[in-house]
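Below: data17.cif (mmCIF, C-alpha atoms)
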```
data_entry
loop_
_atom_site.label_atom_id
_atom_site.label_comp_id
_atom_site.auth_asym_id
_atom_site.auth_seq_id
_atom_site.Cartn_x
_atom_site.Cartn_y
_atom_site.Cartn_z
CA MET A 1 -28.30 -6.17 -27.62
CA PRO A 2 -30.33 -3.82 -25.42
CA ASP A 3 -28.73 -0.78 -23.81
CA VAL A 4 -27.44 -2.46 -20.66
CA ARG A 5 -24.36 -1.59 -18.66
CA ILE A 6 -22.89 -4.39 -16.62
CA GLY A 7 -19.93 -3.96 -14.28
CA VAL A 8 -17.15 -6.54 -14.21
CA LEU A 9 -15.00 -6.44 -11.10
CA SER A 10 -11.77 -8.41 -11.31
CA CYS A 11 -9.48 -9.17 -8.39
CA SER A 12 -6.26 -8.72 -10.45
CA GLY A 13 -4.52 -10.68 -7.69
CA GLU A 14 -0.75 -10.29 -7.80
CA GLU A 15 0.23 -13.52 -6.07
CA CYS A 16 -1.14 -16.13 -8.45
CA LEU A 17 -1.78 -16.80 -12.11
CA GLY A 18 -5.53 -16.74 -11.52
CA GLY A 19 -5.34 -13.02 -10.78
CA THR A 20 -3.53 -12.36 -14.04
CA VAL A 21 -6.04 -14.40 -16.02
CA ALA A 22 -8.96 -12.71 -14.24
CA ARG A 23 -7.59 -9.30 -15.17
CA LEU A 24 -6.85 -10.14 -18.80
CA ALA A 25 -10.18 -11.89 -19.35
CA THR A 26 -12.05 -8.92 -17.89
CA ARG A 27 -10.13 -6.52 -20.14
CA LYS A 28 -10.85 -8.70 -23.18
CA VAL A 29 -14.58 -8.73 -22.47
CA MET A 30 -14.65 -4.98 -21.95
CA GLU A 31 -12.46 -4.04 -24.94
CA GLU A 32 -13.45 -6.64 -27.52
CA LEU A 33 -16.13 -9.19 -26.79
CA ARG A 34 -18.81 -7.07 -25.10
CA GLU A 35 -17.53 -3.57 -25.71
CA GLY A 36 -20.12 -0.98 -24.79
CA THR A 37 -22.12 -3.39 -22.67
CA THR A 38 -19.55 -3.97 -19.97
CA VAL A 39 -17.54 -1.65 -17.74
CA SER A 40 -14.56 -2.74 -15.68
CA LEU A 41 -14.54 -1.53 -12.10
CA CYS A 42 -11.24 -0.82 -10.37
CA LEU A 43 -11.18 -2.96 -7.20
CA PRO A 44 -8.52 -0.97 -5.27
CA LEU A 45 -10.35 2.28 -5.98
CA TYR A 46 -13.67 0.68 -5.16
CA VAL A 47 -12.44 -0.50 -1.77
CA ALA A 48 -10.55 2.73 -1.05
CA GLY A 49 -13.83 4.63 -1.27
CA GLY A 50 -14.29 5.47 -4.95
CA GLU A 51 -17.84 6.82 -4.95
CA GLU A 52 -18.24 6.52 -8.72
CA GLU A 53 -17.36 2.82 -8.64
CA ARG A 54 -19.50 2.07 -5.61
CA ASN A 55 -22.53 3.91 -6.93
CA PHE A 56 -22.23 2.15 -10.28
CA ALA A 57 -22.23 -1.19 -8.47
CA LYS A 58 -25.28 -0.19 -6.46
CA GLU A 59 -27.24 0.80 -9.55
CA HIS A 60 -26.08 -1.82 -12.07
CA SER A 61 -25.51 -5.54 -12.24
CA VAL A 62 -22.00 -6.63 -11.30
CA ILE A 63 -20.13 -9.81 -12.10
CA SER A 64 -17.15 -10.52 -9.86
CA VAL A 65 -14.15 -12.30 -11.37
CA ASP A 66 -11.84 -13.85 -8.79
CA GLY A 67 -8.56 -15.64 -9.34
CA CYS A 68 -8.91 -17.97 -6.38
CA SER A 69 -11.45 -19.22 -3.89
CA LYS A 70 -10.71 -16.37 -1.48
CA SER A 71 -13.16 -14.46 -3.71
CA CYS A 72 -11.95 -10.99 -2.76
CA ALA A 73 -13.77 -9.20 -5.59
CA ARG A 74 -17.08 -10.80 -4.68
CA LYS A 75 -16.62 -10.05 -0.98
CA ALA A 76 -15.76 -6.42 -1.69
CA THR A 77 -18.85 -5.94 -3.83
CA GLU A 78 -21.09 -7.51 -1.23
CA ARG A 79 -19.55 -5.36 1.50
CA PHE A 80 -19.94 -2.01 -0.21
CA SER A 81 -22.70 -2.31 -2.81
CA GLY A 82 -24.81 -5.39 -2.14
CA ASP A 83 -25.11 -8.75 -3.84
CA VAL A 84 -23.29 -9.51 -7.05
CA SER A 85 -25.41 -10.64 -9.99
CA ASP A 86 -23.04 -13.47 -10.80
CA THR A 87 -19.55 -14.70 -10.02
CA ILE A 88 -16.62 -16.29 -11.78
CA VAL A 89 -13.82 -18.05 -9.90
CA ILE A 90 -10.86 -18.88 -12.11
CA SER A 91 -9.86 -21.91 -10.05
CA ASP A 92 -13.31 -23.42 -10.73
CA ILE A 93 -12.71 -23.11 -14.47
CA LEU A 94 -9.01 -23.83 -14.85
CA GLY A 95 -8.42 -25.91 -11.74
CA GLU A 96 -6.81 -24.88 -8.48
CA ASP A 97 -3.30 -25.99 -9.44
CA VAL A 98 -3.30 -23.73 -12.47
CA ALA A 99 -5.00 -20.78 -10.82
CA LEU A 100 -2.66 -20.83 -7.85
CA GLY A 101 0.42 -21.12 -10.06
CA LYS A 102 3.07 -18.43 -10.21
CA THR A 103 1.89 -15.12 -11.59
CA VAL A 104 3.44 -14.03 -14.88
CA SER A 105 4.40 -10.70 -16.36
CA ALA A 106 2.50 -9.49 -19.41
CA ARG A 107 5.77 -9.79 -21.33
CA ASP A 108 6.03 -13.50 -20.55
CA LEU A 109 2.53 -14.55 -21.58
CA THR A 110 2.42 -17.64 -23.79
CA GLU A 111 -0.14 -19.10 -26.16
CA GLU A 112 -1.24 -21.35 -23.31
CA HIS A 113 -2.03 -18.33 -21.15
CA TYR A 114 -4.04 -16.70 -23.92
CA ILE A 115 -6.09 -19.88 -24.31
CA MET A 116 -6.88 -19.69 -20.58
CA VAL A 117 -7.87 -16.04 -20.94
CA ASP A 118 -10.17 -16.86 -23.86
CA LYS A 119 -11.82 -19.65 -21.92
CA VAL A 120 -12.53 -17.42 -18.93
CA ALA A 121 -13.62 -14.50 -21.14
CA GLU A 122 -16.12 -16.82 -22.80
CA GLU A 123 -17.57 -17.71 -19.40
CA ILE A 124 -17.85 -14.03 -18.46
CA CYS A 125 -19.65 -13.35 -21.76
CA LYS A 126 -22.18 -16.10 -21.04
CA LYS A 127 -23.00 -14.44 -17.74
CA VAL A 128 -23.14 -10.98 -19.31
CA ASP A 129 -25.56 -12.21 -21.98
CA LYS A 130 -27.73 -13.92 -19.40
CA ILE A 131 -28.02 -10.74 -17.32
CA ALA A 132 -28.63 -8.60 -20.42
CA ALA A 133 -31.45 -10.91 -21.49
CA GLU A 134 -33.28 -10.68 -18.15
CA MET B 1 14.65 -9.08 8.52
CA SER B 2 11.66 -10.48 6.67
CA LYS B 3 11.24 -9.67 3.01
CA ILE B 4 10.08 -6.17 2.13
CA LYS B 5 6.53 -6.18 0.81
CA VAL B 6 6.13 -4.36 -2.50
CA ILE B 7 2.49 -3.84 -3.31
CA ALA B 8 1.02 -2.54 -6.54
CA CYS B 9 -2.44 -1.15 -7.05
CA SER B 10 -2.84 -3.08 -10.32
CA GLY B 11 -5.64 -0.69 -11.29
CA ILE B 12 -7.47 -2.19 -14.24
CA GLY B 13 -8.79 0.87 -16.04
CA LYS B 14 -5.65 2.47 -17.42
CA ALA B 15 -2.07 1.75 -18.45
CA PHE B 16 -0.75 3.26 -15.22
CA GLY B 17 -2.19 0.42 -13.13
CA LEU B 18 -0.61 -2.16 -15.41
CA MET B 19 2.72 -0.32 -15.24
CA ALA B 20 2.60 -0.37 -11.44
CA ARG B 21 1.84 -4.08 -11.52
CA GLU B 22 4.59 -4.88 -14.02
CA ALA B 23 7.20 -2.80 -12.19
CA VAL B 24 6.47 -4.71 -8.99
CA LEU B 25 6.64 -8.07 -10.76
CA LYS B 26 10.01 -7.15 -12.24
CA VAL B 27 11.34 -6.17 -8.81
CA THR B 28 10.03 -9.20 -6.93
CA ASN B 29 10.74 -11.80 -9.65
CA GLU B 30 13.96 -10.50 -11.18
CA LEU B 31 15.72 -7.61 -9.46
CA ASN B 32 15.28 -8.31 -5.75
CA PRO B 33 13.71 -11.75 -5.25
CA GLN B 34 15.81 -12.42 -2.14
CA GLU B 35 14.94 -9.17 -0.41
CA ALA B 36 11.39 -8.43 -1.58
CA GLU B 37 8.09 -10.09 -2.32
CA THR B 38 4.70 -8.91 -3.40
CA ALA B 39 1.36 -9.43 -1.72
CA CYS B 40 -2.11 -9.49 -3.21
CA LEU B 41 -3.72 -6.10 -2.56
CA ALA B 42 -7.22 -7.49 -3.04
CA HIS B 43 -6.60 -10.03 -0.30
CA ILE B 44 -5.08 -7.44 2.03
CA ILE B 45 -8.04 -5.11 1.78
CA THR B 46 -11.00 -7.40 1.45
CA GLY B 47 -9.89 -10.67 2.87
CA ASP B 48 -9.57 -12.23 6.23
CA ASP B 49 -6.99 -11.79 8.96
CA GLU B 50 -4.51 -13.82 6.91
CA GLY B 51 -4.61 -11.10 4.25
CA LYS B 52 -4.13 -8.27 6.72
CA GLU B 53 -1.25 -10.06 8.43
CA LYS B 54 0.72 -9.94 5.20
CA VAL B 55 1.43 -6.25 5.77
CA ALA B 56 0.65 -5.46 9.40
CA ASP B 57 3.84 -4.17 11.08
CA GLN B 58 5.85 -5.10 7.97
CA ILE B 59 8.19 -2.87 5.96
CA CYS B 60 6.29 -2.05 2.77
CA ILE B 61 6.75 -0.13 -0.47
CA THR B 62 3.62 0.82 -2.37
CA VAL B 63 3.37 1.43 -6.11
CA ASP B 64 0.30 3.25 -7.36
CA GLY B 65 -0.74 4.16 -10.85
CA CYS B 66 -2.66 7.34 -10.13
CA PRO B 67 -2.93 10.03 -7.43
CA ALA B 68 -5.78 8.14 -5.74
CA LEU B 69 -2.99 6.17 -4.00
CA CYS B 70 -5.19 3.15 -3.36
CA SER B 71 -2.31 0.84 -2.52
CA ALA B 72 -0.60 3.28 -0.15
CA LYS B 73 -3.83 4.16 1.65
CA SER B 74 -4.96 0.57 1.93
CA VAL B 75 -1.62 -0.75 3.19
CA GLU B 76 -1.39 2.04 5.75
CA SER B 77 -4.91 1.36 6.93
CA GLU B 78 -3.93 -2.26 7.56
CA SER B 79 -0.96 -1.13 9.68
CA GLY B 80 1.74 -1.66 7.08
CA ILE B 81 4.90 0.42 7.62
CA VAL B 82 5.10 2.23 4.29
CA LYS B 83 8.69 3.35 3.74
CA ALA B 84 8.23 4.59 0.18
CA LYS B 85 5.31 5.46 -2.09
CA PHE B 86 5.91 5.35 -5.83
CA ARG B 87 3.44 6.72 -8.39
CA VAL B 88 3.49 5.95 -12.10
CA VAL B 89 1.96 9.34 -12.77
CA ASP B 90 5.15 10.93 -11.42
CA GLU B 91 7.30 8.84 -13.76
CA MET B 92 5.18 9.93 -16.70
CA ARG B 93 6.03 13.56 -15.94
CA ASN B 94 9.62 12.72 -16.88
CA HIS B 95 8.40 11.46 -20.25
CA ARG B 96 6.07 14.17 -21.51
CA GLY B 97 4.11 13.07 -24.56
CA ALA B 98 4.91 9.37 -24.16
CA LYS B 99 2.07 6.97 -24.91
CA ALA B 100 2.31 4.13 -22.42
CA GLY B 101 -0.39 1.82 -23.79
CA THR B 102 -3.57 0.54 -22.17
CA GLY B 103 -4.59 -1.49 -19.16
CA THR B 104 -4.04 -4.59 -21.30
CA THR B 105 -0.75 -3.99 -23.11
CA LEU B 106 2.10 -1.53 -22.91
CA THR B 107 3.92 0.18 -25.73
CA GLU B 108 7.70 0.23 -26.05
CA ASP B 109 7.65 3.56 -24.20
CA GLY B 110 5.39 2.07 -21.54
CA TRP B 111 7.79 -0.81 -20.90
CA LYS B 112 10.78 1.53 -20.83
CA ILE B 113 9.16 3.75 -18.20
CA THR B 114 8.06 0.67 -16.25
CA ASP B 115 11.60 -0.68 -16.22
CA GLU B 116 12.95 2.68 -15.05
CA LEU B 117 10.42 2.66 -12.23
CA ALA B 118 11.42 -0.89 -11.31
CA GLU B 119 15.06 0.23 -11.03
CA LYS B 120 14.06 3.04 -8.67
CA ILE B 121 12.06 0.65 -6.49
CA SER B 122 14.99 -1.75 -6.50
CA ALA B 123 17.36 1.00 -5.37
CA LYS B 124 15.01 1.84 -2.51
CA ILE B 125 14.93 -1.81 -1.45
CA THR B 126 18.73 -1.92 -1.41
CA GLU B 127 18.75 1.24 0.71
CA LEU B 128 16.23 -0.19 3.18
CA VAL B 129 18.15 -3.46 3.47
CA GLU B 130 21.41 -1.58 4.14
CA GLU B 131 19.62 0.58 6.69
CA ALA B 132 18.28 -2.49 8.47
CA LYS B 133 21.76 -4.05 8.52
CA SER B 134 23.34 -0.96 10.03
CA ASN B 135 20.63 -0.78 12.68
CA ALA B 136 20.96 -4.48 13.59
#
```
With the file now loaded, output its structure as structure tokens.
Amino acid sequence: MPDVRIGVLSCSGEECLGGTVARLATRKVMEELREGTTVSLCLPLYVAGGEEERNFAKEHSVISVDGCSKSCARKATERFSGDVSDTIVISDILGEDVALGKTVSARDLTEEHYIMVDKVAEEICKKVDKIAAE
Amino acid sequence: MSKIKVIACSGIGKAFGLMAREAVLKVTNELNPQEAETACLAHIITGDDEGKEKVADQICITVDGCPALCSAKSVESESGIVKAKFRVVDEMRNHRGAKAGTGTTLTEDGWKITDELAEKISAKITELVEEAKSNA
């Protein structure tokens, strides 16, 4: 894998399960599946004016990972740093009913949730690999 | 009185963001579900009018992981009435040397500190509800 740094910006939405899955899948990609290639960007800090996060997004490819079709992470990136290189919307992968379900605490995660996280993480990895190969 | 909005930063980079998120979930799902609810910070700050209306002119409590205070600043900028600002970093000062975990999982210490923070937020909610009743 070439020396490429790709930002992954997750919404981490607190009101629905999609936000939880987005967050966990992003962490899994960064910590395990594409460690060293990917960097997670903190959305609240990014929007609140974090120069480091915004400059990274201006200079590197960014994949937004949104829990629902409101696509807050993608919109934030476009507003402050320009186009995203690719997007993931959890409701497109898991279905709207699942993504908009009740959010869960990390202490209540089940095997079913981890399967969802793996599925989304796999999709993020596909996009990371595609960008890295360009 | 409408439900008090309790809004976490949910910062993704460190354990503190996860602790803020988990403390808020405990408060809104278990400790004070009748009096408080959370709102999606990402939607408030980057979304449409519907997102902003969740906090505008509403009684809010913000819970931030770090001194950047992203939740507090963002809610205030969208005209939320912030009655209390909690910071995980302050809680950690009461537990010198504790290892809280990562942005993915918390340690036993991390959960303990998170639960303590949730109790403090809950107490503040009770205080605000009583205050509203006495002013009614």
The PyMOL selection byres ((chain B) within 8 of (chain A)) on the file shown: which residues, as JSON, numbers by chain?
{"B": [9, 10, 11, 12, 13, 21, 22, 25, 26, 38, 39, 40, 41, 42, 43, 45, 46, 47, 68, 70, 71, 73, 74, 103, 104, 105]}
I'd like the neighbourhood of Val29 (chain A) as number ranges by chain, where a residue qualifies if any of its atoms comes within 12 Å (using all atoms listed in the file), though same-chain residues fewer than 2 positions away should be ignored.
A: 6-10, 22-27, 31-40, 63, 65, 117-129; B: 104
Quick check, in Å to one decimal: how far apart do CA of Ala23 (chain B) and CA of Met116 (chain A) lie?
23.5 Å
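Counting from CA of Val62 (chain A), the distance to CA of Asp86 (chain A) is 6.9 Å.
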I want to know what sits within 12 Å of Lys99 (chain B), based on all atoms listed in the file, with residues of the same chain fewer than 6 positions away left out; could you give that as a PyMOL selection string?
chain B and resi 14-16+92-93+105-113
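With only C-alpha atoms as the basis for measurement, A:Val21 is the residue among A:Val21, A:Ala57, A:Ala132, A:Ala99 that approaches Tyr114 (chain A) most closely.
Every protein or nucleic acid residue with an atom no more than 6 Å from region 76-91 of chain B, counting all atoms listed in the file and leaving out same-chain residues fewer than 4 positions away, appears here: B:Phe16, B:Val55, B:Ala56, B:Asp57, B:Gln58, B:Ile59, B:Cys60, B:Ile61, B:Thr62, B:Val63, B:Asp64, B:Gly65, B:Cys66.
Distance-wise, CA of Asp97 (chain A) and CA of Ser69 (chain A) end up 12.0 Å apart.
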Evaluate the PyMOL selection byres ((chain B and resi 119) around 12) and report residues as a ChimeraX atom specification
/B:23-28,30-32,86,91,112-118,120-126
Would you mind telling me which residue in B:Ala72, B:Ala100, B:Lys5, B:Glu130 lies nearest to Glu53 (chain B) when using all atoms listed in the file?
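Between B:Ala72, B:Ala100, B:Lys5, B:Glu130, the residue approaching Glu53 (chain B) most closely is B:Lys5.
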From the block I gave, I'd like region 13-136 of chain B written with C-alpha atoms, as a short mmCIF file (atom, residue, chain, number, x, y, z; two decimals), in the first residue's frame.
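What ended up in decode.cif:
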```
data_model
loop_
_atom_site.label_atom_id
_atom_site.label_comp_id
_atom_site.auth_asym_id
_atom_site.auth_seq_id
_atom_site.Cartn_x
_atom_site.Cartn_y
_atom_site.Cartn_z
CA GLY B 13 -10.55 10.66 18.42
CA LYS B 14 -10.22 9.90 22.11
CA ALA B 15 -11.92 8.16 25.03
CA PHE B 16 -13.19 11.47 26.39
CA GLY B 17 -15.58 11.93 23.45
CA LEU B 18 -16.96 8.44 23.94
CA MET B 19 -17.37 9.08 27.67
CA ALA B 20 -19.33 12.26 26.96
CA ARG B 21 -21.53 10.33 24.53
CA GLU B 22 -22.11 7.44 26.92
CA ALA B 23 -22.87 9.70 29.88
CA VAL B 24 -25.53 11.47 27.84
CA LEU B 25 -27.05 8.19 26.64
CA LYS B 26 -27.26 6.97 30.23
CA VAL B 27 -29.00 10.17 31.32
CA THR B 28 -31.48 10.33 28.45
CA ASN B 29 -32.22 6.58 28.23
CA GLU B 30 -32.07 5.53 31.88
CA LEU B 31 -31.79 8.24 34.51
CA ASN B 32 -34.02 11.05 33.22
CA PRO B 33 -35.93 9.87 30.14
CA GLN B 34 -39.04 11.84 31.15
CA GLU B 35 -37.24 15.12 31.68
CA ALA B 36 -34.40 15.04 29.15
CA GLU B 37 -33.58 14.00 25.62
CA THR B 38 -30.54 14.20 23.42
CA ALA B 39 -30.17 15.80 20.02
CA CYS B 40 -27.77 15.01 17.24
CA LEU B 41 -24.95 17.57 17.36
CA ALA B 42 -23.98 16.92 13.75
CA HIS B 43 -27.50 17.80 12.64
CA ILE B 44 -27.63 20.91 14.83
CA ILE B 45 -24.43 22.34 13.43
CA THR B 46 -24.43 21.27 9.83
CA GLY B 47 -28.01 20.58 9.00
CA ASP B 48 -31.02 22.53 8.00
CA ASP B 49 -33.39 24.68 10.02
CA GLU B 50 -34.93 21.54 11.51
CA GLY B 51 -31.59 20.76 13.14
CA LYS B 52 -31.13 24.25 14.53
CA GLU B 53 -34.66 24.34 15.89
CA LYS B 54 -33.85 21.42 18.16
CA VAL B 55 -31.90 23.75 20.45
CA ALA B 56 -32.86 27.31 19.58
CA ASP B 57 -34.38 28.95 22.70
CA GLN B 58 -34.38 25.57 24.47
CA ILE B 59 -32.89 24.73 27.87
CA CYS B 60 -29.73 22.76 27.12
CA ILE B 61 -26.91 20.99 28.94
CA THR B 62 -23.73 20.34 26.99
CA VAL B 63 -21.23 17.56 27.65
CA ASP B 64 -17.81 17.91 26.06
CA GLY B 65 -14.85 15.61 26.15
CA CYS B 66 -12.07 18.16 25.90
CA PRO B 67 -11.45 21.87 26.53
CA ALA B 68 -12.29 22.70 22.90
CA LEU B 69 -15.93 22.72 24.10
CA CYS B 70 -17.32 21.98 20.65
CA SER B 71 -20.78 21.06 21.90
CA ALA B 72 -21.13 24.09 24.18
CA LYS B 73 -19.89 26.52 21.52
CA SER B 74 -22.01 25.02 18.78
CA VAL B 75 -25.21 24.91 20.84
CA GLU B 76 -24.70 28.49 21.98
CA SER B 77 -24.09 29.62 18.43
CA GLU B 78 -27.44 28.10 17.44
CA SER B 79 -29.19 30.05 20.22
CA GLY B 80 -29.51 27.21 22.71
CA ILE B 81 -29.86 28.31 26.35
CA VAL B 82 -26.94 26.46 27.91
CA LYS B 83 -27.60 26.07 31.63
CA ALA B 84 -24.65 23.82 32.38
CA LYS B 85 -21.44 22.78 30.62
CA PHE B 86 -19.85 19.51 31.67
CA ARG B 87 -16.36 18.43 30.60
CA VAL B 88 -14.98 14.90 30.85
CA VAL B 89 -11.51 16.35 31.26
CA ASP B 90 -12.65 17.87 34.57
CA GLU B 91 -13.92 14.50 35.78
CA MET B 92 -10.60 12.92 34.93
CA ARG B 93 -8.86 15.35 37.29
CA ASN B 94 -10.70 13.61 40.14
CA HIS B 95 -9.23 10.30 39.00
CA ARG B 96 -5.54 10.99 38.48
CA GLY B 97 -3.77 8.14 36.74
CA ALA B 98 -6.96 6.41 35.60
CA LYS B 99 -6.88 4.91 32.11
CA ALA B 100 -10.30 5.47 30.57
CA GLY B 101 -9.89 3.49 27.34
CA THR B 102 -10.10 4.61 23.73
CA GLY B 103 -12.61 6.21 21.40
CA THR B 104 -13.92 2.70 20.73
CA THR B 105 -14.14 1.04 24.14
CA LEU B 106 -13.91 2.11 27.76
CA THR B 107 -12.11 0.38 30.58
CA GLU B 108 -13.73 -0.39 33.92
CA ASP B 109 -12.34 2.92 35.18
CA GLY B 110 -13.68 4.68 32.10
CA TRP B 111 -17.20 3.36 32.70
CA LYS B 112 -17.04 4.23 36.39
CA ILE B 113 -16.08 7.83 35.65
CA THR B 114 -18.72 8.01 32.92
CA ASP B 115 -21.40 6.82 35.33
CA GLU B 116 -20.31 9.38 37.92
CA LEU B 117 -20.57 12.09 35.28
CA ALA B 118 -24.04 10.85 34.30
CA GLU B 119 -25.15 11.16 37.94
CA LYS B 120 -23.93 14.76 38.05
CA ILE B 121 -25.78 15.60 34.84
CA SER B 122 -28.88 13.92 36.22
CA ALA B 123 -28.68 15.98 39.41
CA LYS B 124 -28.45 19.15 37.34
CA ILE B 125 -31.53 18.13 35.36
CA THR B 126 -33.47 17.57 38.59
CA GLU B 127 -32.36 21.01 39.78
CA LEU B 128 -33.44 22.68 36.53
CA VAL B 129 -36.82 20.93 36.58
CA GLU B 130 -37.42 22.02 40.19
CA GLU B 131 -36.38 25.55 39.29
CA ALA B 132 -38.82 25.61 36.38
CA LYS B 133 -41.62 24.34 38.64
CA SER B 134 -41.00 27.01 41.24
CA ASN B 135 -40.95 29.71 38.57
CA ALA B 136 -44.19 28.48 36.95
#
```
